[in-house]
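Below: one structure, written as structure tokens.
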Amino acid sequence: MKLLTNFYNLESLDEILKYADGVIIGLSGFSTRETSYLKLEELEEVSKKIKSEKKELYLSFKPFIGSQKDGLLTLFDLIKDFYITGLIVGDIGYYSLLKDYNFKIIYNPETTLTNSYDINILKDYGIKGAFISKEITLTDIKEIIKLKELPLYMTVHGYLNMFYSKRQLLKSYFEYLDIT
């Protein structure tokens with residue numbers, strides 16, 4: 001088992017790396033629901049630091065691809081030579097975008113991977129790991145661990161997302177009710 005964590009700012013990275021096996025970070029303009037968001041220059045600096053410490057670095061891309069496809073392809077071209085252990089993605093469509101790159105893809109749909117069949121089928125798509133749902137029982141988790149064909153990840157502490165939409169649902173609802 002490995003301990004991966006987030007960090008709030010670059011100044012805390014050295015302290016965190018004393019205890020953690022690696023970090024998960026978000027990128028400004030491409031990630032959502034992360035503790036911090038780095039700029040490309042900061043990512044390059046962190047990448048070198050993580051490599052020198054022999055730790056792991058995961059980039060989080062949880063939002064759906066949507067209209068970001070061209071920007072993502074440009075980004076992947078820019079970071080393809082950085083030291084990155086893997087990309088944590090929330091949209092299976094990232095597989096199509098990333099198949100020409102050498103990135104390890106970890107799938108994290110947050111709540112839907114609740115059985116070994118769904119996890120194992122991901123292997124056929126070139127996915128290298130998956131986040132198991134945190135809403136299932138310990139008995140289910142143990143059964144999945146016995147039958148899984150991919151490395152498993154799990155969020156065990158911290159901010160747990162219950163719902164996310166880039167649509168402005170409340171604003172639309174209030175406009176519908178004519179409440180401003």
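As shown in the structure tokens, the chain order sets the letters A, B, ...; within each chain, residues go from 1, and ligands are also counted from 1 in the order they appear.
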*Could you write out, as a ChimeraX atom specification, all the residues of stretch 12-140 of chain A that DSSP marks as strand (DSSP E or B)?*
/A:22-27,37-38,56-61,86-89,105-107,129-131
Please dump the current selection as a JSON list (two decimals), in the first residue's frame; keep N, CA, C and O atoms.
```
[["chain", "number", "residue", "atom", "x", "y", "z"],
["A", 22, "GLY", "N", 3.94, 9.76, -2.54],
["A", 22, "GLY", "CA", 3.76, 10.58, -3.72],
["A", 22, "GLY", "C", 2.66, 11.59, -3.52],
["A", 22, "GLY", "O", 2.02, 11.64, -2.47],
["A", 23, "VAL", "N", 2.46, 12.42, -4.55],
["A", 23, "VAL", "CA", 1.46, 13.47, -4.48],
["A", 23, "VAL", "C", 0.54, 13.44, -5.70],
["A", 23, "VAL", "O", 0.92, 12.97, -6.77],
["A", 24, "ILE", "N", -0.67, 13.95, -5.47],
["A", 24, "ILE", "CA", -1.65, 14.14, -6.55],
["A", 24, "ILE", "C", -1.86, 15.64, -6.66],
["A", 24, "ILE", "O", -2.15, 16.30, -5.65],
["A", 25, "ILE", "N", -1.71, 16.17, -7.86],
["A", 25, "ILE", "CA", -1.88, 17.61, -8.02],
["A", 25, "ILE", "C", -2.81, 17.92, -9.19],
["A", 25, "ILE", "O", -3.00, 17.10, -10.09],
["A", 26, "GLY", "N", -3.37, 19.09, -9.13],
["A", 26, "GLY", "CA", -4.20, 19.60, -10.22],
["A", 26, "GLY", "C", -3.43, 20.66, -11.00],
["A", 26, "GLY", "O", -2.48, 21.25, -10.48],
["A", 27, "LEU", "N", -3.85, 20.85, -12.23],
["A", 27, "LEU", "CA", -3.23, 21.88, -13.07],
["A", 27, "LEU", "C", -4.23, 22.99, -13.32],
["A", 27, "LEU", "O", -5.39, 22.73, -13.64],
["A", 37, "TYR", "N", -3.67, 24.05, -7.39],
["A", 37, "TYR", "CA", -3.56, 24.01, -8.84],
["A", 37, "TYR", "C", -2.25, 24.66, -9.24],
["A", 37, "TYR", "O", -2.00, 25.82, -8.90],
["A", 38, "LEU", "N", -1.41, 23.90, -9.92],
["A", 38, "LEU", "CA", -0.11, 24.41, -10.32],
["A", 38, "LEU", "C", -0.15, 24.95, -11.74],
["A", 38, "LEU", "O", -0.93, 24.48, -12.57],
["A", 56, "GLU", "N", 6.34, 9.49, -6.23],
["A", 56, "GLU", "CA", 5.41, 9.40, -7.34],
["A", 56, "GLU", "C", 4.64, 10.71, -7.51],
["A", 56, "GLU", "O", 4.33, 11.38, -6.52],
["A", 57, "LEU", "N", 4.34, 11.04, -8.76],
["A", 57, "LEU", "CA", 3.60, 12.25, -9.08],
["A", 57, "LEU", "C", 2.44, 11.91, -10.00],
["A", 57, "LEU", "O", 2.63, 11.35, -11.08],
["A", 58, "TYR", "N", 1.24, 12.21, -9.53],
["A", 58, "TYR", "CA", 0.03, 11.97, -10.31],
["A", 58, "TYR", "C", -0.64, 13.31, -10.61],
["A", 58, "TYR", "O", -0.77, 14.14, -9.72],
["A", 59, "LEU", "N", -1.08, 13.49, -11.84],
["A", 59, "LEU", "CA", -1.83, 14.67, -12.23],
["A", 59, "LEU", "C", -3.30, 14.30, -12.31],
["A", 59, "LEU", "O", -3.65, 13.25, -12.84],
["A", 60, "SER", "N", -4.15, 15.15, -11.77],
["A", 60, "SER", "CA", -5.57, 14.88, -11.73],
["A", 60, "SER", "C", -6.31, 15.64, -12.82],
["A", 60, "SER", "O", -6.19, 16.85, -12.94],
["A", 61, "PHE", "N", -7.07, 14.89, -13.61],
["A", 61, "PHE", "CA", -7.93, 15.44, -14.66],
["A", 61, "PHE", "C", -9.33, 14.86, -14.45],
["A", 61, "PHE", "O", -9.75, 13.98, -15.18],
["A", 86, "GLY", "N", 1.61, 9.03, -13.29],
["A", 86, "GLY", "CA", 0.36, 8.70, -13.94],
["A", 86, "GLY", "C", -0.61, 9.87, -13.98],
["A", 86, "GLY", "O", -0.41, 10.88, -13.28],
["A", 87, "LEU", "N", -1.63, 9.73, -14.79],
["A", 87, "LEU", "CA", -2.70, 10.71, -14.89],
["A", 87, "LEU", "C", -3.97, 10.09, -14.33],
["A", 87, "LEU", "O", -4.38, 9.01, -14.75],
["A", 88, "ILE", "N", -4.59, 10.76, -13.38],
["A", 88, "ILE", "CA", -5.85, 10.31, -12.81],
["A", 88, "ILE", "C", -6.95, 11.02, -13.57],
["A", 88, "ILE", "O", -7.02, 12.25, -13.55],
["A", 89, "VAL", "N", -7.79, 10.25, -14.25],
["A", 89, "VAL", "CA", -8.81, 10.84, -15.12],
["A", 89, "VAL", "C", -10.20, 10.41, -14.67],
["A", 89, "VAL", "O", -10.41, 9.30, -14.20],
["A", 105, "ILE", "N", -2.53, 5.68, -17.25],
["A", 105, "ILE", "CA", -3.85, 6.22, -16.99],
["A", 105, "ILE", "C", -4.50, 5.48, -15.82],
["A", 105, "ILE", "O", -4.62, 4.26, -15.84],
["A", 106, "ILE", "N", -4.91, 6.26, -14.82],
["A", 106, "ILE", "CA", -5.63, 5.74, -13.66],
["A", 106, "ILE", "C", -7.04, 6.31, -13.74],
["A", 106, "ILE", "O", -7.23, 7.52, -13.78],
["A", 107, "TYR", "N", -8.04, 5.44, -13.78],
["A", 107, "TYR", "CA", -9.43, 5.87, -13.94],
["A", 107, "TYR", "C", -10.07, 6.09, -12.58],
["A", 107, "TYR", "O", -10.03, 5.22, -11.71],
["A", 129, "GLY", "N", -4.85, 1.37, -13.81],
["A", 129, "GLY", "CA", -5.28, 1.33, -12.42],
["A", 129, "GLY", "C", -6.63, 2.01, -12.30],
["A", 129, "GLY", "O", -7.06, 2.72, -13.21],
["A", 130, "ALA", "N", -7.29, 1.79, -11.17],
["A", 130, "ALA", "CA", -8.63, 2.38, -10.99],
["A", 130, "ALA", "C", -8.89, 2.66, -9.52],
["A", 130, "ALA", "O", -8.45, 1.93, -8.65],
["A", 131, "PHE", "N", -9.64, 3.74, -9.30],
["A", 131, "PHE", "CA", -10.10, 4.08, -7.96],
["A", 131, "PHE", "C", -11.39, 3.33, -7.70],
["A", 131, "PHE", "O", -12.36, 3.47, -8.43]]
```
_Can you pull out the residues contacting A:Ile136? Cut-off 12 Å, using only C-alpha atoms, and skip same-chain residues under 3 positions away; I want them as a ChimeraX atom specification._
/A:110-115,132-133,139-144,154
Residues of the last selection are to be written out with C-alpha atoms, as a compact mmCIF listing (two decimals), in the first residue's frame.
```
# COMPACT_ATOMS: atom_id res chain seq x y z
CA GLU A 110 -15.42 8.54 -8.03
CA THR A 111 -18.53 6.46 -7.31
CA THR A 112 -19.22 3.90 -10.04
CA LEU A 113 -16.52 1.23 -9.73
CA THR A 114 -18.22 -1.16 -7.33
CA ASN A 115 -17.32 -4.61 -8.68
CA ILE A 132 -12.59 1.82 -6.25
CA SER A 133 -15.83 3.39 -5.05
CA THR A 139 -16.70 -7.07 2.48
CA ASP A 140 -17.19 -5.92 -1.12
CA ILE A 141 -13.77 -4.25 -1.16
CA LYS A 142 -12.08 -7.47 0.05
CA GLU A 143 -13.88 -9.50 -2.64
CA ILE A 144 -12.87 -7.04 -5.38
CA MET A 154 -9.01 4.42 -2.91
```
*Taking only C-alpha atoms into account, which of A:Leu147, A:Gly90, A:Tyr153, A:Lys48 comes nearest A:Leu4?*
A:Tyr153
*What is the atom CA of A:Ile84-atom CA of A:Lys49 distance in Å, reported with one decimal?*
11.2 Å
_Nearby residues (only C-alpha atoms) at most 12 Å from A:Lys123, same-chain spacing under 2 positions excluded, as an NGL selection string_ = :A and (95 or 104-107 or 116-121 or 125-130 or 148-152)
Could those selected residues go to a file with C-alpha atoms, as a PDB file, in the first residue's frame?
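out_13.pdb was written with the following content:
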```pdb
ATOM      1  CA  TYR A  95      -8.027   7.053 -23.060  1.00  0.00           C
ATOM      2  CA  LYS A 104      -0.085   5.659 -17.229  1.00  0.00           C
ATOM      3  CA  ILE A 105      -3.854   6.219 -16.990  1.00  0.00           C
ATOM      4  CA  ILE A 106      -5.628   5.738 -13.659  1.00  0.00           C
ATOM      5  CA  TYR A 107      -9.429   5.870 -13.939  1.00  0.00           C
ATOM      6  CA  SER A 116     -14.358  -6.532 -10.083  1.00  0.00           C
ATOM      7  CA  TYR A 117     -15.901  -6.968 -13.545  1.00  0.00           C
ATOM      8  CA  ASP A 118     -16.053  -3.223 -14.185  1.00  0.00           C
ATOM      9  CA  ILE A 119     -12.495  -2.798 -12.925  1.00  0.00           C
ATOM     10  CA  ASN A 120     -11.076  -5.702 -14.927  1.00  0.00           C
ATOM     11  CA  ILE A 121     -12.712  -4.625 -18.209  1.00  0.00           C
ATOM     12  CA  TYR A 125      -8.750  -0.326 -22.781  1.00  0.00           C
ATOM     13  CA  GLY A 126      -5.178   0.175 -21.613  1.00  0.00           C
ATOM     14  CA  ILE A 127      -6.119   1.624 -18.237  1.00  0.00           C
ATOM     15  CA  LYS A 128      -3.374   0.866 -15.687  1.00  0.00           C
ATOM     16  CA  GLY A 129      -5.280   1.326 -12.424  1.00  0.00           C
ATOM     17  CA  ALA A 130      -8.626   2.376 -10.992  1.00  0.00           C
ATOM     18  CA  LYS A 148      -9.012  -7.571  -9.557  1.00  0.00           C
ATOM     19  CA  GLU A 149      -6.545  -7.521 -12.455  1.00  0.00           C
ATOM     20  CA  LEU A 150      -5.486  -3.880 -12.072  1.00  0.00           C
ATOM     21  CA  PRO A 151      -3.864  -1.928  -9.249  1.00  0.00           C
ATOM     22  CA  LEU A 152      -6.548  -0.348  -7.062  1.00  0.00           C
TER      23      LEU A 152
END
```
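One finds atom CA of A:Thr85 at 18.6 Å from atom CA of A:Leu10.
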*State, in Å with one decimal place, the distance from atom CA of A:Asp124 to atom CA of A:Ile145.*
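About the pair atom CA of A:Asp124 and atom CA of A:Ile145: they are 18.2 Å apart.
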